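Novice: I have a structure here, written as structure tokens, and I will follow up with some questions on it.
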Amino acid sequence: MTPGDDPLILFLDRLGATELAQTLRDAAASEALTPLAMFMAADWVVKAVMLGLLAASVLAWALWAGKLWQLARAQHRLRRDYRQLSAQGQLGPDGNATGLIAQMTQAARAEMRASAGLPDAGVKERVAIELARIEAGAARIMQAGVTVIGSIGATAPFIGLFGTVWGIMNAFVGIAQSGSSSLAVVAPGIAEALMATALGLVAAIPAVLLYNHLTRALGGYRTALADAAALVERTLSRDLDRARHNPPTALHLVAE
């Protein structure tokens, strides 16, 4: 197959990426053992492994950046709402506010209305259950996508190793067909195969580091969620005690 007939080059030509297609065409025609030349000379299975590993590496970095941005926004809003509720000192009336702390306070107020006239201990217990559910749901949403990065870090070396084994098998088949075992015959095929393992490590090592970084960041976010839930429970307890010693206020809270 000539370089111009390579399916990848033809595909890039159809996409309009003519410069990249020409670069690959020149690499395929070159006899030098450059990374691009080895990639173009590799078997289609090894090429697919290399392209998959490159795509996985890009995906890991993109997920990491997106998750960091999402975490930063969520933590900023959580800190802001925490300060507001702490300064307010009470749950207050229902409003149109959004966010996790607003969701928690609305759940607490709803339980207070539903439990009017019942013992305070039961109200606190049921509110704690609902807050734990909201907290777990928020953590689960934030966790989405992080496991993909961990999976890339865990599997990329083995995917690269598969490409290497496949490439070395083809290299030995070529040796058998040519009848020569000189280094000049063996080296190109083995070099192409080992490049798959190198790309596997290039994808895996950063992915593991990014996964560990996000895991630590998510741990901090879960701590902030727990602090927010504890603040809502403290504020609820204070409101219930205030209502017990001031019956008109209790009626007012229930009416709201």
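Labels used: A, B, ... for chains in the order of the structure tokens, numbers from 1 for residues in each chain, and numbers from 1 for ligands as shown.
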Taking 2 positions as the minimum chain separation for residues in the same chain, which residues sit within 10 Å of range 60-74 of chain A when counting only C-alpha atoms? Answer as a count of residues only.
Specialist: 37
Novice: Interatomic distance between CA of Val173 in chain A and CA of Met40 in chain A?
Specialist: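 Going from CA of Val173 in chain A over to CA of Met40 in chain A, I get 18.5 Å.
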Novice: With only C-alpha atoms as the counted atoms, please give the residues lying no more than 6 Å from range 165-171 of chain A, apart from itself and same-chain residues fewer than 4 positions off, as a compact mmCIF listing (two decimals) with N, CA, C and O atoms, in the first residue's frame.
Specialist:
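Result saved to selection.txt:
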# COMPACT_ATOMS: atom_id res chain seq x y z
N GLY A 189 10.49 -2.89 13.24
CA GLY A 189 9.23 -3.45 13.75
C GLY A 189 9.13 -3.41 15.26
O GLY A 189 8.07 -3.09 15.82
N ILE A 190 10.25 -3.71 15.94
CA ILE A 190 10.24 -3.68 17.41
C ILE A 190 10.11 -2.25 17.91
O ILE A 190 9.42 -1.98 18.90
N ALA A 193 6.57 -1.24 17.73
CA ALA A 193 5.78 -1.90 18.76
C ALA A 193 6.00 -1.25 20.12
O ALA A 193 5.06 -1.01 20.89
Novice: Find the distance between CA of Leu161 in chain A and CA of Glu192 in chain A and write it in Å to one decimal.
Specialist: 12.1 Å
Novice: From the set A:Gln90, A:Ala110, A:Leu53, A:Ile141, which residue has the shortest atom-to-atom contact distance to Asp241 in chain A, counting only C-alpha atoms?
Specialist: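 Nearest to Asp241 in chain A: A:Gln90.
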Novice: Between CA of Phe172 in chain A and CA of Ala154 in chain A, measure the distance and give it in Å to one decimal.
Specialist: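 Between CA of Phe172 in chain A and CA of Ala154 in chain A the gap is 29.0 Å.
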Novice: Closest to Ala229 in chain A among A:Ala107, A:Ala114, A:Ala42, A:Ala196, using only C-alpha atoms?
Specialist: A:Ala107
Novice: Got a sec: who's within 10 Å of range 128-135 of chain A, counting only C-alpha atoms, leaving out chain neighbours fewer than 6 positions off, as a PyMOL selection string?
Specialist: chain A and resi 100-101+103-105+107-108+111+122+222+224-226+228-230+232-233
Novice: Would you mind exporting N, CA and C atoms of the selected residues as a PDB file, in the first residue's frame?
Specialist:
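Result went into result16.pdb, see below:
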ATOM      1  N   LEU A 100     -27.139  24.435  47.002  1.00  0.00           N
ATOM      2  CA  LEU A 100     -27.253  23.297  47.912  1.00  0.00           C
ATOM      3  C   LEU A 100     -27.747  23.715  49.297  1.00  0.00           C
ATOM      4  N   ILE A 101     -27.215  24.811  49.832  1.00  0.00           N
ATOM      5  CA  ILE A 101     -27.655  25.238  51.160  1.00  0.00           C
ATOM      6  C   ILE A 101     -29.111  25.682  51.121  1.00  0.00           C
ATOM      7  N   GLN A 103     -31.322  24.425  49.123  1.00  0.00           N
ATOM      8  CA  GLN A 103     -32.061  23.168  49.052  1.00  0.00           C
ATOM      9  C   GLN A 103     -32.158  22.517  50.425  1.00  0.00           C
ATOM     10  N   MET A 104     -31.080  22.590  51.202  1.00  0.00           N
ATOM     11  CA  MET A 104     -31.094  22.009  52.540  1.00  0.00           C
ATOM     12  C   MET A 104     -32.055  22.759  53.470  1.00  0.00           C
ATOM     13  N   THR A 105     -32.003  24.087  53.419  1.00  0.00           N
ATOM     14  CA  THR A 105     -32.876  24.869  54.294  1.00  0.00           C
ATOM     15  C   THR A 105     -34.345  24.705  53.905  1.00  0.00           C
ATOM     16  N   ALA A 107     -35.629  21.991  52.631  1.00  0.00           N
ATOM     17  CA  ALA A 107     -36.015  20.674  53.134  1.00  0.00           C
ATOM     18  C   ALA A 107     -36.284  20.724  54.632  1.00  0.00           C
ATOM     19  N   ALA A 108     -35.443  21.480  55.362  1.00  0.00           N
ATOM     20  CA  ALA A 108     -35.651  21.600  56.810  1.00  0.00           C
ATOM     21  C   ALA A 108     -36.957  22.317  57.120  1.00  0.00           C
ATOM     22  N   GLU A 111     -39.927  20.031  56.470  1.00  0.00           N
ATOM     23  CA  GLU A 111     -40.108  19.042  57.538  1.00  0.00           C
ATOM     24  C   GLU A 111     -40.696  19.684  58.789  1.00  0.00           C
ATOM     25  N   GLY A 122     -37.718  14.154  66.890  1.00  0.00           N
ATOM     26  CA  GLY A 122     -38.075  13.489  65.640  1.00  0.00           C
ATOM     27  C   GLY A 122     -37.871  14.387  64.440  1.00  0.00           C
ATOM     28  N   ARG A 222     -16.475  17.364  49.863  1.00  0.00           N
ATOM     29  CA  ARG A 222     -17.352  16.604  50.762  1.00  0.00           C
ATOM     30  C   ARG A 222     -17.302  17.177  52.182  1.00  0.00           C
ATOM     31  N   ALA A 224     -16.795  20.310  52.912  1.00  0.00           N
ATOM     32  CA  ALA A 224     -17.591  21.538  52.868  1.00  0.00           C
ATOM     33  C   ALA A 224     -19.082  21.224  52.887  1.00  0.00           C
ATOM     34  N   LEU A 225     -19.493  20.156  52.205  1.00  0.00           N
ATOM     35  CA  LEU A 225     -20.903  19.747  52.235  1.00  0.00           C
ATOM     36  C   LEU A 225     -21.317  19.347  53.641  1.00  0.00           C
ATOM     37  N   ALA A 226     -20.459  18.593  54.323  1.00  0.00           N
ATOM     38  CA  ALA A 226     -20.768  18.178  55.694  1.00  0.00           C
ATOM     39  C   ALA A 226     -20.877  19.389  56.611  1.00  0.00           C
ATOM     40  N   ALA A 228     -21.802  22.393  55.681  1.00  0.00           N
ATOM     41  CA  ALA A 228     -23.052  23.073  55.338  1.00  0.00           C
ATOM     42  C   ALA A 228     -24.245  22.366  55.977  1.00  0.00           C
ATOM     43  N   ALA A 229     -24.260  21.042  55.919  1.00  0.00           N
ATOM     44  CA  ALA A 229     -25.359  20.292  56.543  1.00  0.00           C
ATOM     45  C   ALA A 229     -25.364  20.508  58.049  1.00  0.00           C
ATOM     46  N   ALA A 230     -24.187  20.549  58.667  1.00  0.00           N
ATOM     47  CA  ALA A 230     -24.114  20.777  60.110  1.00  0.00           C
ATOM     48  C   ALA A 230     -24.627  22.165  60.466  1.00  0.00           C
ATOM     49  N   VAL A 232     -26.933  23.889  58.816  1.00  0.00           N
ATOM     50  CA  VAL A 232     -28.394  23.853  58.697  1.00  0.00           C
ATOM     51  C   VAL A 232     -28.999  23.157  59.915  1.00  0.00           C
ATOM     52  N   GLU A 233     -28.391  22.065  60.365  1.00  0.00           N
ATOM     53  CA  GLU A 233     -28.920  21.368  61.548  1.00  0.00           C
ATOM     54  C   GLU A 233     -28.817  22.239  62.792  1.00  0.00           C
TER      55      GLU A 233
END
Novice: From range 101-131 of chain A, collect each residue whose DSSP state is helix (DSSP H, G or I) and return the set as number ranges by chain.
Specialist: A: 101-114, 120-131
Novice: Calculated over only C-alpha atoms, which of the candidates A:Ile205, A:Ala116, A:Val127, A:Leu194 has the smallest distance to Met50 in chain A?
Specialist: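 Under the stated criterion, the closest residue is A:Leu194.
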